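So this block is start-v5.cif, mmCIF, C-alpha atoms (C1' of nucleotides):
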```cif
data_entry
#
loop_
_atom_site.group_PDB
_atom_site.id
_atom_site.type_symbol
_atom_site.label_atom_id
_atom_site.label_comp_id
_atom_site.auth_asym_id
_atom_site.auth_seq_id
_atom_site.Cartn_x
_atom_site.Cartn_y
_atom_site.Cartn_z
ATOM 1 C CA MET U 1348 128.552 73.276 120.448
ATOM 2 C CA ALA U 1349 127.010 71.593 123.475
ATOM 3 C CA GLU U 1350 125.220 68.301 122.989
ATOM 4 C CA SER U 1351 122.486 66.704 125.036
ATOM 5 C CA LEU U 1352 123.749 63.513 126.611
ATOM 6 C CA GLU U 1353 121.849 60.279 126.060
ATOM 7 C CA HIS U 1354 122.317 57.264 128.309
ATOM 8 C CA SER U 1355 120.520 54.355 129.931
ATOM 9 C CA TRP U 1356 118.765 54.833 133.254
ATOM 10 C CA GLN U 1357 118.596 51.099 133.944
ATOM 11 C CA LEU U 1358 121.884 50.747 135.758
ATOM 12 C CA ASP U 1359 123.159 49.029 138.846
ATOM 13 C CA PRO U 1360 124.193 51.471 141.581
ATOM 14 C CA LYS U 1361 127.842 50.727 140.866
ATOM 15 C CA ASP U 1362 127.463 51.561 137.170
ATOM 16 C CA ALA U 1363 125.437 54.637 138.036
ATOM 17 C CA VAL U 1364 128.320 55.940 140.133
ATOM 18 C CA GLU U 1365 130.728 55.237 137.283
ATOM 19 C CA LEU U 1366 128.472 57.149 134.878
ATOM 20 C CA GLN U 1367 128.399 60.066 137.301
ATOM 21 C CA ARG U 1368 132.194 60.224 137.198
ATOM 22 C CA GLU U 1369 132.061 60.377 133.403
ATOM 23 C CA LEU U 1370 129.267 62.948 133.235
ATOM 24 C CA ARG U 1371 131.071 65.119 135.751
ATOM 25 C CA THR U 1372 133.585 66.155 133.085
ATOM 26 C CA ARG U 1373 130.748 67.683 131.042
ATOM 27 C CA ILE U 1374 129.543 70.115 133.689
ATOM 28 C CA ARG U 1375 129.891 73.755 132.686
ATOM 29 C CA LEU U 1376 129.634 76.398 135.387
ATOM 30 C CA GLN U 1377 129.236 79.778 133.770
ATOM 31 C CA PRO U 1378 126.990 82.855 133.720
ATOM 32 C CA LEU U 1379 123.826 82.677 131.633
ATOM 33 C CA ASP U 1380 124.302 83.867 128.080
ATOM 34 C CA LYS U 1381 120.863 85.457 127.827
ATOM 35 C CA PRO U 1382 118.348 87.176 130.087
ATOM 36 C CA ILE U 1383 115.750 85.056 131.888
ATOM 37 C CA ARG U 1384 112.188 85.368 130.665
ATOM 38 C CA PHE U 1385 110.867 82.053 132.001
ATOM 39 C CA ILE U 1386 112.018 79.981 134.955
ATOM 40 C CA GLY U 1387 110.995 76.369 135.529
ATOM 41 C CA GLY U 1388 110.354 74.453 138.737
ATOM 42 C CA ALA U 1389 110.608 70.646 138.795
ATOM 43 C CA ASP U 1390 109.450 68.269 141.510
ATOM 44 C CA ILE U 1391 108.384 64.671 142.176
ATOM 45 C CA SER U 1392 105.592 63.428 144.409
ATOM 46 C CA PHE U 1393 104.449 59.938 145.401
ATOM 47 C CA ASN U 1394 102.369 58.117 147.981
ATOM 48 C CA LEU U 1395 104.357 56.680 150.871
ATOM 49 C CA TYR U 1396 105.604 53.125 150.146
ATOM 50 C CA SER U 1397 104.495 53.409 146.506
ATOM 51 C CA ASP U 1398 106.728 53.297 143.439
ATOM 52 C CA VAL U 1399 104.204 55.194 141.312
ATOM 53 C CA PHE U 1400 105.796 58.592 140.701
ATOM 54 C CA TYR U 1401 104.168 61.865 139.718
ATOM 55 C CA ALA U 1402 106.372 64.472 138.051
ATOM 56 C CA GLY U 1403 105.411 68.081 137.672
ATOM 57 C CA ILE U 1404 107.131 70.969 135.973
ATOM 58 C CA VAL U 1405 105.910 74.541 136.218
ATOM 59 C CA VAL U 1406 106.995 77.460 134.090
ATOM 60 C CA LEU U 1407 106.885 80.893 135.702
ATOM 61 C CA ASP U 1408 107.237 84.335 134.190
ATOM 62 C CA TYR U 1409 110.527 85.479 135.740
ATOM 63 C CA ALA U 1410 109.350 89.073 136.130
ATOM 64 C CA THR U 1411 106.038 88.349 137.864
ATOM 65 C CA LEU U 1412 106.686 84.803 139.151
ATOM 66 C CA GLU U 1413 103.213 83.824 137.968
ATOM 67 C CA VAL U 1414 102.696 80.300 136.615
ATOM 68 C CA VAL U 1415 102.232 80.344 132.843
ATOM 69 C CA GLU U 1416 102.379 76.610 132.103
ATOM 70 C CA THR U 1417 102.377 73.232 133.838
ATOM 71 C CA ALA U 1418 103.182 69.725 132.605
ATOM 72 C CA PHE U 1419 102.828 66.365 134.339
ATOM 73 C CA HIS U 1420 103.681 62.720 133.919
ATOM 74 C CA THR U 1421 103.126 59.617 136.036
ATOM 75 C CA GLU U 1422 104.751 56.188 135.844
ATOM 76 C CA THR U 1423 106.101 53.377 137.979
ATOM 77 C CA VAL U 1424 109.776 53.577 138.895
ATOM 78 C CA THR U 1425 112.188 50.819 139.859
ATOM 79 C CA PHE U 1426 115.465 52.487 140.842
ATOM 80 C CA PRO U 1427 115.671 52.641 144.661
ATOM 81 C CA TYR U 1428 116.348 55.729 146.710
ATOM 82 C CA ILE U 1429 120.069 55.844 147.440
ATOM 83 C CA PRO U 1430 121.620 59.057 148.761
ATOM 84 C CA GLY U 1431 123.906 60.304 145.985
ATOM 85 C CA LEU U 1432 121.945 58.541 143.236
ATOM 86 C CA LEU U 1433 118.661 60.414 143.482
ATOM 87 C CA SER U 1434 118.769 61.493 139.841
ATOM 88 C CA PHE U 1435 118.531 57.908 138.591
ATOM 89 C CA ARG U 1436 115.295 57.495 140.505
ATOM 90 C CA GLU U 1437 113.590 60.788 139.652
ATOM 91 C CA ILE U 1438 114.884 62.141 136.347
ATOM 92 C CA PRO U 1439 113.283 59.633 133.928
ATOM 93 C CA THR U 1440 109.790 60.701 135.014
ATOM 94 C CA LEU U 1441 110.760 64.375 135.059
ATOM 95 C CA LEU U 1442 112.023 64.116 131.480
ATOM 96 C CA LYS U 1443 108.650 62.877 130.253
ATOM 97 C CA ALA U 1444 106.922 65.855 131.833
ATOM 98 C CA TRP U 1445 109.624 68.137 130.381
ATOM 99 C CA ALA U 1446 108.893 66.790 126.905
ATOM 100 C CA LYS U 1447 105.273 67.925 127.236
ATOM 101 C CA LEU U 1448 106.185 71.563 127.844
ATOM 102 C CA ALA U 1449 105.351 73.947 125.027
ATOM 103 C CA THR U 1450 107.741 76.529 126.476
ATOM 104 C CA LYS U 1451 111.148 75.344 127.652
ATOM 105 C CA PRO U 1452 112.258 77.611 130.510
ATOM 106 C CA ASP U 1453 115.505 79.606 130.279
ATOM 107 C CA VAL U 1454 116.599 78.134 133.589
ATOM 108 C CA THR U 1455 115.079 75.415 135.790
ATOM 109 C CA MET U 1456 115.118 75.027 139.562
ATOM 110 C CA VAL U 1457 115.132 71.371 140.604
ATOM 111 C CA ASP U 1458 114.162 70.039 144.030
ATOM 112 C CA GLY U 1459 117.498 68.711 145.335
ATOM 113 C CA HIS U 1460 121.179 69.586 144.942
ATOM 114 C CA GLY U 1461 123.202 70.620 141.919
ATOM 115 C CA ILE U 1462 126.992 70.360 142.328
ATOM 116 C CA ALA U 1463 126.684 70.261 146.130
ATOM 117 C CA HIS U 1464 127.111 66.512 145.768
ATOM 118 C CA PRO U 1465 130.032 64.131 146.520
ATOM 119 C CA ARG U 1466 130.728 63.742 142.774
ATOM 120 C CA ARG U 1467 129.164 67.080 141.773
ATOM 121 C CA MET U 1468 126.321 65.173 140.139
ATOM 122 C CA GLY U 1469 123.201 66.095 142.039
ATOM 123 C CA ILE U 1470 119.813 65.804 140.355
ATOM 124 C CA ALA U 1471 119.827 69.430 139.179
ATOM 125 C CA THR U 1472 123.193 68.969 137.492
ATOM 126 C CA HIS U 1473 122.224 65.678 135.886
ATOM 127 C CA PHE U 1474 118.933 67.143 134.675
ATOM 128 C CA GLY U 1475 120.734 70.110 133.141
ATOM 129 C CA LEU U 1476 123.158 67.833 131.322
ATOM 130 C CA VAL U 1477 120.521 65.595 129.773
ATOM 131 C CA THR U 1478 118.281 68.512 128.766
ATOM 132 C CA ASP U 1479 121.239 70.682 127.780
ATOM 133 C CA SER U 1480 119.691 73.575 129.700
ATOM 134 C CA PRO U 1481 120.684 75.825 132.629
ATOM 135 C CA THR U 1482 119.672 74.479 136.051
ATOM 136 C CA LEU U 1483 120.101 75.091 139.758
ATOM 137 C CA GLY U 1484 119.319 72.965 142.767
ATOM 138 C CA CYS U 1485 117.249 73.990 145.781
ATOM 139 C CA ALA U 1486 117.489 71.479 148.643
ATOM 140 C CA LYS U 1487 116.150 71.489 152.167
ATOM 141 C CA LYS U 1488 118.936 69.366 153.649
ATOM 142 C CA VAL U 1489 122.705 69.148 153.236
ATOM 143 C CA LEU U 1490 124.191 66.214 151.369
ATOM 144 C CA THR U 1491 127.860 67.162 151.341
ATOM 145 C CA GLY U 1492 130.097 70.115 152.114
ATOM 146 C CA ARG U 1493 131.045 72.278 155.084
ATOM 147 C CA ILE U 1494 128.876 75.233 156.038
ATOM 148 C CA ALA U 1495 129.490 77.850 158.710
ATOM 149 C CA PRO U 1496 126.350 78.792 160.686
ATOM 150 C CA VAL U 1497 124.019 81.039 158.695
ATOM 151 C CA GLY U 1498 123.003 84.401 160.145
ATOM 152 C CA LYS U 1499 119.515 84.576 161.664
ATOM 153 C CA GLU U 1500 118.333 87.471 159.501
ATOM 154 C CA ALA U 1501 116.311 86.785 156.371
ATOM 155 C CA GLY U 1502 118.617 86.876 153.356
ATOM 156 C CA SER U 1503 121.722 85.704 155.207
ATOM 157 C CA VAL U 1504 123.990 83.323 153.335
ATOM 158 C CA SER U 1505 126.884 81.009 154.138
ATOM 159 C CA PRO U 1506 128.974 79.287 151.473
ATOM 160 C CA ILE U 1507 128.857 75.513 151.022
ATOM 161 C CA MET U 1508 132.517 74.478 150.801
ATOM 162 C CA ASP U 1509 134.378 71.267 150.011
ATOM 163 C CA LYS U 1510 138.019 71.988 150.806
ATOM 164 C CA GLU U 1511 138.657 75.142 148.764
ATOM 165 C CA GLU U 1512 135.845 74.512 146.307
ATOM 166 C CA LEU U 1513 132.690 76.632 146.424
ATOM 167 C CA LEU U 1514 129.668 74.394 145.838
ATOM 168 C CA GLY U 1515 126.819 76.767 146.558
ATOM 169 C CA TYR U 1516 125.174 78.644 149.407
ATOM 170 C CA ALA U 1517 123.011 78.006 152.425
ATOM 171 C CA LEU U 1518 120.371 80.737 152.270
ATOM 172 C CA ARG U 1519 118.127 81.906 155.091
ATOM 173 C CA SER U 1520 115.180 82.492 152.776
ATOM 174 C CA ARG U 1521 112.979 83.882 155.541
ATOM 175 C CA LEU U 1522 113.103 84.694 159.240
ATOM 176 C CA ARG U 1523 112.807 81.698 161.587
ATOM 177 C CA SER U 1524 113.017 79.121 158.813
ATOM 178 C CA ASN U 1525 115.851 76.680 158.380
ATOM 179 C CA PRO U 1526 118.044 77.633 155.420
ATOM 180 C CA VAL U 1527 117.631 76.223 151.922
ATOM 181 C CA TYR U 1528 120.687 75.023 150.021
ATOM 182 C CA ILE U 1529 121.261 76.554 146.612
ATOM 183 C CA SER U 1530 123.811 75.246 144.125
ATOM 184 C CA PRO U 1531 124.320 75.565 140.383
ATOM 185 C CA GLY U 1532 123.362 72.558 138.333
ATOM 186 C CA HIS U 1533 124.708 73.051 134.827
ATOM 187 C CA LEU U 1534 125.321 76.063 132.561
ATOM 188 C CA LEU U 1535 125.187 78.316 135.616
ATOM 189 C CA ASP U 1536 127.625 79.457 138.317
ATOM 190 C CA PRO U 1537 127.206 79.617 142.118
ATOM 191 C CA GLU U 1538 126.731 83.378 142.272
ATOM 192 C CA SER U 1539 124.100 83.365 139.513
ATOM 193 C CA ALA U 1540 122.275 80.489 141.172
ATOM 194 C CA LEU U 1541 122.123 82.412 144.436
ATOM 195 C CA ALA U 1542 120.924 85.593 142.714
ATOM 196 C CA ILE U 1543 118.183 83.685 140.901
ATOM 197 C CA ALA U 1544 117.034 81.951 144.074
ATOM 198 C CA ARG U 1545 116.869 85.284 145.894
ATOM 199 C CA HIS U 1546 114.916 86.863 143.063
ATOM 200 C CA CYS U 1547 112.351 84.071 143.414
ATOM 201 C CA LEU U 1548 111.680 84.582 147.140
ATOM 202 C CA ARG U 1549 108.208 85.806 147.998
ATOM 203 C CA GLY U 1550 107.987 85.568 151.753
ATOM 204 C CA TYR U 1551 107.936 81.773 151.882
ATOM 205 C CA LYS U 1552 110.750 79.436 152.852
ATOM 206 C CA LEU U 1553 110.928 77.971 149.343
ATOM 207 C CA PRO U 1554 111.614 80.002 146.192
ATOM 208 C CA GLU U 1555 108.531 80.214 143.954
ATOM 209 C CA PRO U 1556 109.574 77.720 141.237
ATOM 210 C CA THR U 1557 110.115 74.931 143.775
ATOM 211 C CA ARG U 1558 107.200 75.966 145.967
ATOM 212 C CA ARG U 1559 104.737 76.068 143.085
ATOM 213 C CA ALA U 1560 106.065 72.865 141.512
ATOM 214 C CA HIS U 1561 105.580 71.068 144.818
ATOM 215 C CA GLU U 1562 102.091 72.510 145.130
ATOM 216 C CA VAL U 1563 100.813 71.572 141.673
ATOM 217 C CA VAL U 1564 102.424 68.129 141.535
ATOM 218 C CA ASN U 1565 100.759 67.229 144.825
ATOM 219 C CA GLU U 1566 97.406 68.386 143.475
ATOM 220 C CA PHE U 1567 98.066 66.238 140.416
ATOM 221 C CA ARG U 1568 98.930 63.164 142.500
ATOM 222 C CA ARG U 1569 95.893 63.487 144.762
ATOM 223 C CA ARG U 1570 93.671 63.976 141.729
ATOM 224 C CA GLU U 1571 95.089 60.898 139.995
ATOM 225 C CA THR U 1572 95.043 58.834 143.169
ATOM 226 C CA ALA U 1573 91.376 59.697 143.729
ATOM 227 C CA GLU U 1574 90.470 58.737 140.144
ATOM 228 C CA SER U 1575 92.028 55.271 140.214
ATOM 229 C CA SER U 1576 90.350 54.739 143.581
ATOM 230 C CA ASP U 1577 86.986 55.625 142.006
ATOM 231 C CA GLU U 1578 87.487 53.073 139.247
ATOM 232 C CA ASP U 1579 87.957 50.268 141.749
ATOM 233 C CA ASN U 1580 85.190 51.464 144.002
ATOM 234 C CA PRO U 1581 82.523 53.151 141.897
ATOM 235 C CA THR U 1582 80.175 55.191 144.003
ATOM 236 C CA GLY U 1583 77.732 56.483 141.477
ATOM 237 C "C1'" DG G 930 135.947 51.564 161.892
ATOM 238 C "C1'" DC G 931 132.340 55.305 162.567
ATOM 239 C "C1'" DG G 932 129.112 58.590 161.256
ATOM 240 C "C1'" DA G 933 126.438 60.989 157.479
ATOM 241 C "C1'" DC G 934 123.346 60.387 154.055
ATOM 242 C "C1'" DA G 935 119.160 65.265 148.668
ATOM 243 C "C1'" DG G 936 114.074 63.055 147.790
ATOM 244 C "C1'" DA B 595 109.079 61.799 149.883
ATOM 245 C "C1'" DT B 596 104.107 61.447 152.794
ATOM 246 C "C1'" DC B 597 100.508 61.364 156.675
ATOM 247 C "C1'" DT B 598 98.129 65.695 159.590
ATOM 248 C "C1'" DT B 599 95.414 69.837 163.684
ATOM 249 C "C1'" DG B 600 96.434 72.107 166.649
ATOM 250 C "C1'" DT B 601 99.677 74.578 168.984
ATOM 251 C "C1'" DC B 602 103.661 77.126 170.720
ATOM 252 C "C1'" DG B 603 106.707 81.052 169.740
ATOM 253 C "C1'" DC B 604 108.260 85.293 167.553
#
```
Whole structure given in structure tokens:
Amino acid sequence: MAESLEHSWQLDPKDAVELQRELRTRIRLQPLDKPIRFIGGADISFNLYSDVFYAGIVVLDYATLEVVETAFHTETVTFPYIPGLLSFREIPTLLKAWAKLATKPDVTMVDGHGIAHPRRMGIATHFGLVTDSPTLGCAKKVLTGRIAPVGKEAGSVSPIMDKEELLGYALRSRLRSNPVYISPGHLLDPESALAIARHCLRGYKLPEPTRRAHEVVNEFRRRETAESSDEDNPTG
DNA sequence: GCGACAG
DNA sequence: ATCTTGTCGC
């Protein structure tokens, strides 16, 4: 029986890396054990130079890709942005939004990488481990791995490889857009992650879960930012 | 030693 | 990650 992993998020970068090496042994890459009815999209937004984070999670009906639920949370973060340690900066806030969801999605797409990470512990993987739920990562830039050029046609893919290990796929999600990088997070395998990402394409560069999460969390941040501004500068 | 480096 | 309108190209 799988267990959800509990651990501190207040770590020094060195300890965070050590924890990643331990958590790595818990990753399970496998097909889903049940059909997908709901898919989640998770994203973080913040004002430039600010450490006030806004987390948003959307739940979409997998068949129609319509948003059926949203949850948000905002708080101040302290962990710095360090490539390879993104999860320690963003996951705590995401978890508090996750806790507010009435419907936990069957699989969640996280903005960033899954196992396409130097220690296989990208934010999507880490999020899947701590929530004990299937996840995949959708990133806009490469972090690690070798990738042969992706075909120009929409739908073209090229594997993300580290030596002989398949980490995920670069996917040309639409014509004339740079590829997105899809990798399994936890409780999913590379092929399933790719199939899910493709299912979620609707003519935009980003798959719907990530695209909609980014959209609603930005609306949330701008709304909240405007409110606190009003309190300091009442207009009427 | 040098270059790369998710959000 | 975020700020931003128009503009060039397919």
As a list in words, could you give me every residue of chain U near chain G (at most 9 Å apart, counting only C-alpha atoms (C1' of nucleotides))? Ile1391, Tyr1428, Ile1429, Pro1430, Gly1431, Leu1433, Glu1437, Asp1458, Gly1459, His1460, His1464, Gly1469, Ile1470, Ala1486, Lys1487, Lys1488, Val1489, Leu1490 and Thr1491 of chain U
I'd like the residues picked by the PyMOL selection byres ((chain U) within 12 of (chain B)) written out as a list of chain:residue names, using the chain letters and numbers from the file. U:Asp1390, U:Ile1391, U:Ser1392, U:Phe1393, U:Asn1394, U:Leu1395, U:Tyr1396, U:Ser1397, U:Asp1398, U:Val1399, U:Phe1400, U:Tyr1401, U:Tyr1428, U:Leu1433, U:Glu1437, U:Asp1458, U:Gly1459, U:Leu1522, U:Arg1523, U:Ser1524, U:His1561, U:Asn1565, U:Arg1568, U:Arg1569
Residues within 9 Å of (127.6, 73.5, 144.0), file coords, all atoms listed in the file, listed as a CSV table (one decimal) with C-alpha atoms, in the frame of the given file:
```csv
chain,number,residue,atom,x,y,z
U,1460,HIS,CA,121.2,69.6,144.9
U,1461,GLY,CA,123.2,70.6,141.9
U,1462,ILE,CA,127.0,70.4,142.3
U,1463,ALA,CA,126.7,70.3,146.1
U,1464,HIS,CA,127.1,66.5,145.8
U,1467,ARG,CA,129.2,67.1,141.8
U,1469,GLY,CA,123.2,66.1,142.0
U,1483,LEU,CA,120.1,75.1,139.8
U,1484,GLY,CA,119.3,73.0,142.8
U,1507,ILE,CA,128.9,75.5,151.0
U,1508,MET,CA,132.5,74.5,150.8
U,1512,GLU,CA,135.8,74.5,146.3
U,1513,LEU,CA,132.7,76.6,146.4
U,1514,LEU,CA,129.7,74.4,145.8
U,1515,GLY,CA,126.8,76.8,146.6
U,1516,TYR,CA,125.2,78.6,149.4
U,1529,ILE,CA,121.3,76.6,146.6
U,1530,SER,CA,123.8,75.2,144.1
U,1531,PRO,CA,124.3,75.6,140.4
U,1532,GLY,CA,123.4,72.6,138.3
U,1536,ASP,CA,127.6,79.5,138.3
U,1537,PRO,CA,127.2,79.6,142.1
```
What gap, in Å, lies between atom CA of U:Ile1383 and atom CA of U:Arg1521? 23.8 Å
Who sits within 10 Å of U:Ala1418, all atoms listed in the file, same chain under 5 positions skipped, as a PyMOL selection string: chain U and resi 1389+1402-1406+1441+1443-1449+1560+1563-1564+1567
May I have the residues from that selection written out with C-alpha atoms, as a PDB file, keeping the file's coordinate frame?
```pdb
ATOM      1  CA  ALA U1389     110.608  70.646 138.795  1.00  0.00           C
ATOM      2  CA  ALA U1402     106.372  64.472 138.051  1.00  0.00           C
ATOM      3  CA  GLY U1403     105.411  68.081 137.672  1.00  0.00           C
ATOM      4  CA  ILE U1404     107.131  70.969 135.973  1.00  0.00           C
ATOM      5  CA  VAL U1405     105.910  74.541 136.218  1.00  0.00           C
ATOM      6  CA  VAL U1406     106.995  77.460 134.090  1.00  0.00           C
ATOM      7  CA  LEU U1441     110.760  64.375 135.059  1.00  0.00           C
ATOM      8  CA  LYS U1443     108.650  62.877 130.253  1.00  0.00           C
ATOM      9  CA  ALA U1444     106.922  65.855 131.833  1.00  0.00           C
ATOM     10  CA  TRP U1445     109.624  68.137 130.381  1.00  0.00           C
ATOM     11  CA  ALA U1446     108.893  66.790 126.905  1.00  0.00           C
ATOM     12  CA  LYS U1447     105.273  67.925 127.236  1.00  0.00           C
ATOM     13  CA  LEU U1448     106.185  71.563 127.844  1.00  0.00           C
ATOM     14  CA  ALA U1449     105.351  73.947 125.027  1.00  0.00           C
ATOM     15  CA  ALA U1560     106.065  72.865 141.512  1.00  0.00           C
ATOM     16  CA  VAL U1563     100.813  71.572 141.673  1.00  0.00           C
ATOM     17  CA  VAL U1564     102.424  68.129 141.535  1.00  0.00           C
ATOM     18  CA  PHE U1567      98.066  66.238 140.416  1.00  0.00           C
TER      19      PHE U1567
END
```
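Atom pair atom CA of U:Leu1518 / atom CA of U:Pro1506: separated by 8.8 Å.
You will find atom CA of U:Ala1544 at 19.7 Å from atom CA of U:Glu1416.
Checking U:Arg1545, U:Glu1574, U:Tyr1409, U:Ala1540 one by one against U:Gly1502, counting all atoms listed in the file, you find the shortest gap at U:Arg1545.
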Counting only C-alpha atoms, figure out which residue out of U:Ser1355, U:Gln1377, U:Asn1525, U:Thr1557 gets nearest to U:Ser1539. U:Gln1377
Name the residues captured by the PyMOL selection byres ((chain U and resi 1373) around 12) when it is applied to the shown file; answer as a PyMOL selection string. chain U and resi 1349-1352+1366-1372+1374-1376+1467-1468+1472-1473+1475-1477+1479+1532-1534
Padded axis-aligned box of chain B (3 Å per side), centre and edge lengths, Å, one decimal, as AutoDock Vina command-line options:
```
--center_x 102.2 --center_y 73.3 --center_z 160.3 --size_x 19.7 --size_y 29.9 --size_z 26.8
```
